[in-house]
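Student: After the structure tokens below, expect a handful of questions from me.
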Amino acid sequence: MTEKPRTLSRETKKVLSELGYYYIDKKDFDKAEAIFSCLANLDDQPAFYYGLVNVYFAKGDHLHAIDLCREFLGQHPDDGLIQAYMAENHIFLGQRDQARAILNKLAGQQTEPEVQELVSNLLQGLEQGLGA
Amino acid sequence: MLQGVEGNTSNLVNSLNKQSGVQQNNMSNEKFQAILNEVEKGDMSAGEVGGLINTSTGMSNAQYLQLQNAMQKQTQLYNTISNIMKARHQAAQTAIQNIK
């Protein structure tokens, strides 16, 4: 007998995502990673990848975060938030030029307001010496 | 309630302290208390307070200005980091709301 693939309701996915961020906040990264990995395997939605990138960022595993961003961008090349996250991880690796190139490109594009806000603040941070 | 994004603050603040270039002020608590007592005694101008600090810490005016400048830069960077954290929080919240 084969096991049926699980389906989760929208509300359940939202609550589990909130729980994932709660675990990040508590620095319980294994649980946070398990939640977002399972969600991403069940359902290929950007929010779950954002969560996973946030787990690696919070762990300080910036190389892993960048790899995941690249993988995601292979399928969703226009995703502004994942590009901003990638730039942020470059900053924390001291790769300010790579970060600036991504952010300047994003700044000239039409993206969601929250992405624009993050991009402009990261650019400002670079100007002020963040990651130097 | 979305908390994980704020959890990254320590990452940012740690790096901030490395970058600010602000030197540790070696003024002891006793010296600080003495300055505070002088200030509390009566009306003192900002210049007089500055002079008192310079005398107590052995800092020259140039060093004092340098410290002030570094502290100002650090404050600006703190504000930017705070705005980055807010923007990250907002982005994560929006992403969760958009889950299908």
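By order of appearance in the structure tokens: chains A, B, ..., then residues from 1 within every chain, and ligands from 1 in the order shown.
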Set the cut-off to 9 Å and count only C-alpha atoms: what are the residues of chain A that reach chain B? Output as number ranges by chain.
Tutor: A: 9-11, 13-15, 17-27, 45-48, 50-51, 54-55, 57-60, 81, 92, 113-122, 124-125, 128-132
Student: Limited to N, CA and C atoms, could you put the picked residues into a file as a compact mmCIF listing (two decimals), in the first residue's frame?
Tutor:
```txt
# COMPACT_ATOMS: atom_id res chain seq x y z
N SER A 9 -3.75 22.36 4.96
CA SER A 9 -4.58 23.52 4.67
C SER A 9 -3.71 24.78 4.67
N ARG A 10 -4.23 25.82 4.07
CA ARG A 10 -3.50 27.10 4.01
C ARG A 10 -3.20 27.59 5.43
N GLU A 11 -4.21 27.49 6.30
CA GLU A 11 -4.02 27.97 7.68
C GLU A 11 -2.92 27.20 8.39
N LYS A 13 -0.36 25.70 7.03
CA LYS A 13 0.95 26.11 6.49
C LYS A 13 1.38 27.44 7.09
N LYS A 14 0.42 28.35 7.25
CA LYS A 14 0.77 29.66 7.82
C LYS A 14 1.22 29.52 9.28
N VAL A 15 0.46 28.71 10.03
CA VAL A 15 0.81 28.52 11.45
C VAL A 15 2.17 27.84 11.58
N SER A 17 4.62 28.00 9.47
CA SER A 17 5.65 28.98 9.11
C SER A 17 5.94 29.92 10.28
N GLU A 18 4.87 30.37 10.93
CA GLU A 18 5.06 31.22 12.12
C GLU A 18 5.87 30.48 13.18
N LEU A 19 5.56 29.19 13.33
CA LEU A 19 6.28 28.38 14.31
C LEU A 19 7.76 28.28 13.92
N GLY A 20 8.02 28.15 12.63
CA GLY A 20 9.40 28.11 12.14
C GLY A 20 10.15 29.37 12.55
N TYR A 21 9.53 30.53 12.37
CA TYR A 21 10.19 31.79 12.75
C TYR A 21 10.35 31.88 14.28
N TYR A 22 9.38 31.32 14.98
CA TYR A 22 9.49 31.30 16.45
C TYR A 22 10.74 30.51 16.87
N TYR A 23 10.96 29.37 16.21
CA TYR A 23 12.15 28.56 16.54
C TYR A 23 13.45 29.28 16.14
N ILE A 24 13.39 30.02 15.05
CA ILE A 24 14.59 30.80 14.68
C ILE A 24 14.90 31.78 15.80
N ASP A 25 13.85 32.44 16.28
CA ASP A 25 14.02 33.42 17.34
C ASP A 25 14.59 32.79 18.61
N LYS A 26 14.18 31.54 18.85
CA LYS A 26 14.66 30.83 20.04
C LYS A 26 16.01 30.14 19.78
N LYS A 27 16.56 30.36 18.61
CA LYS A 27 17.82 29.76 18.17
C LYS A 27 17.75 28.23 18.16
N GLN A 45 6.40 26.57 -2.43
CA GLN A 45 5.99 27.98 -2.35
C GLN A 45 7.17 28.83 -1.86
N PRO A 46 7.30 30.06 -2.39
CA PRO A 46 8.44 30.91 -2.00
C PRO A 46 8.58 31.10 -0.50
N ALA A 47 7.48 31.27 0.21
CA ALA A 47 7.55 31.58 1.65
C ALA A 47 8.38 30.55 2.42
N PHE A 48 8.31 29.29 2.00
CA PHE A 48 9.02 28.24 2.74
C PHE A 48 10.54 28.32 2.48
N TYR A 50 12.01 31.20 1.74
CA TYR A 50 12.43 32.39 2.49
C TYR A 50 12.75 31.98 3.93
N GLY A 51 11.86 31.13 4.49
CA GLY A 51 12.06 30.66 5.86
C GLY A 51 13.37 29.92 6.01
N ASN A 54 16.27 32.20 5.90
CA ASN A 54 16.36 32.89 7.19
C ASN A 54 16.99 32.02 8.27
N VAL A 55 16.72 30.71 8.22
CA VAL A 55 17.33 29.79 9.19
C VAL A 55 18.86 29.82 9.02
N PHE A 57 20.70 32.05 7.55
CA PHE A 57 21.23 33.39 7.86
C PHE A 57 21.41 33.55 9.38
N ALA A 58 20.36 33.15 10.11
CA ALA A 58 20.42 33.30 11.57
C ALA A 58 21.50 32.41 12.19
N LYS A 59 21.75 31.25 11.55
CA LYS A 59 22.80 30.34 12.03
C LYS A 59 24.19 30.87 11.70
N GLY A 60 24.23 31.84 10.80
CA GLY A 60 25.53 32.36 10.35
C GLY A 60 26.11 31.51 9.23
N LEU A 81 12.76 39.28 -3.36
CA LEU A 81 13.12 39.09 -1.94
C LEU A 81 14.29 38.12 -1.80
N PHE A 92 27.41 39.71 4.77
CA PHE A 92 27.95 39.07 5.98
C PHE A 92 29.16 38.20 5.71
N PRO A 113 6.81 46.64 -2.31
CA PRO A 113 7.28 47.72 -1.41
C PRO A 113 8.19 47.23 -0.29
N GLU A 114 7.87 46.06 0.28
CA GLU A 114 8.70 45.58 1.40
C GLU A 114 10.10 45.18 0.92
N VAL A 115 10.18 44.74 -0.35
CA VAL A 115 11.50 44.40 -0.91
C VAL A 115 12.28 45.69 -1.17
N GLN A 116 11.60 46.70 -1.72
CA GLN A 116 12.26 47.99 -1.97
C GLN A 116 12.81 48.58 -0.67
N GLU A 117 12.00 48.45 0.38
CA GLU A 117 12.40 48.98 1.69
C GLU A 117 13.68 48.27 2.18
N LEU A 118 13.68 46.95 2.05
CA LEU A 118 14.85 46.17 2.48
C LEU A 118 16.07 46.54 1.63
N VAL A 119 15.86 46.65 0.33
CA VAL A 119 16.97 46.97 -0.59
C VAL A 119 17.55 48.34 -0.26
N SER A 120 16.69 49.34 -0.08
CA SER A 120 17.22 50.69 0.17
C SER A 120 17.95 50.75 1.51
N ASN A 121 17.45 50.02 2.50
CA ASN A 121 18.14 50.03 3.80
C ASN A 121 19.47 49.27 3.75
N LEU A 122 19.50 48.19 2.97
CA LEU A 122 20.77 47.46 2.84
C LEU A 122 21.81 48.30 2.10
N GLN A 124 21.90 51.53 2.11
CA GLN A 124 22.31 52.55 3.08
C GLN A 124 23.33 51.97 4.06
N GLY A 125 23.07 50.73 4.50
CA GLY A 125 24.00 50.06 5.41
C GLY A 125 25.38 49.89 4.77
N GLN A 128 27.26 53.00 4.90
CA GLN A 128 27.71 53.31 6.26
C GLN A 128 28.77 52.31 6.76
N GLY A 129 29.15 51.38 5.91
CA GLY A 129 30.26 50.49 6.27
C GLY A 129 29.85 49.09 6.71
N LEU A 130 28.58 48.73 6.56
CA LEU A 130 28.15 47.39 6.94
C LEU A 130 28.90 46.34 6.11
N GLY A 131 29.46 45.37 6.78
CA GLY A 131 30.18 44.29 6.09
C GLY A 131 31.62 44.63 5.73
N ALA A 132 32.07 45.83 6.15
CA ALA A 132 33.45 46.23 5.79
C ALA A 132 34.46 45.54 6.70
```
Student: Neighbours of range 51-55 of chain B within 8 Å (only C-alpha atoms; same-chain residues fewer than 5 positions away dropped), as a list in words?
Tutor: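 In the requested form, the answer reads Ile35, Ser60, Asn61 and Tyr64 of chain B.
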Student: In Å to one decimal, how far is CA of Tyr49 in chain A from CA of Thr7 in chain A?
Tutor: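 Result for CA of Thr7 in chain A versus CA of Tyr49 in chain A: 18.0 Å, one decimal.
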Student: So which residues of chain A fall under alpha helix (DSSP H) by DSSP, listed as a PyMOL selection string?
Tutor: chain A and resi 10-25+29-42+46-59+62-75+80-92+96-107+113-127
Student: How many Å lie between CA of Val53 in chain A and CA of Pro77 in chain A, rounded to one decimal?
Tutor: 16.0 Å
Student: Which residue gives the smallest distance to Gln98 in chain A among A:Leu8, A:Leu73, A:Leu126, A:Leu52, with only C-alpha atoms counted?
Tutor: A:Leu126
Student: What does the structure give for the distance between CA of Phe36 in chain A and CA of Tyr85 in chain A, in Å to one decimal?
Tutor: 16.2 Å
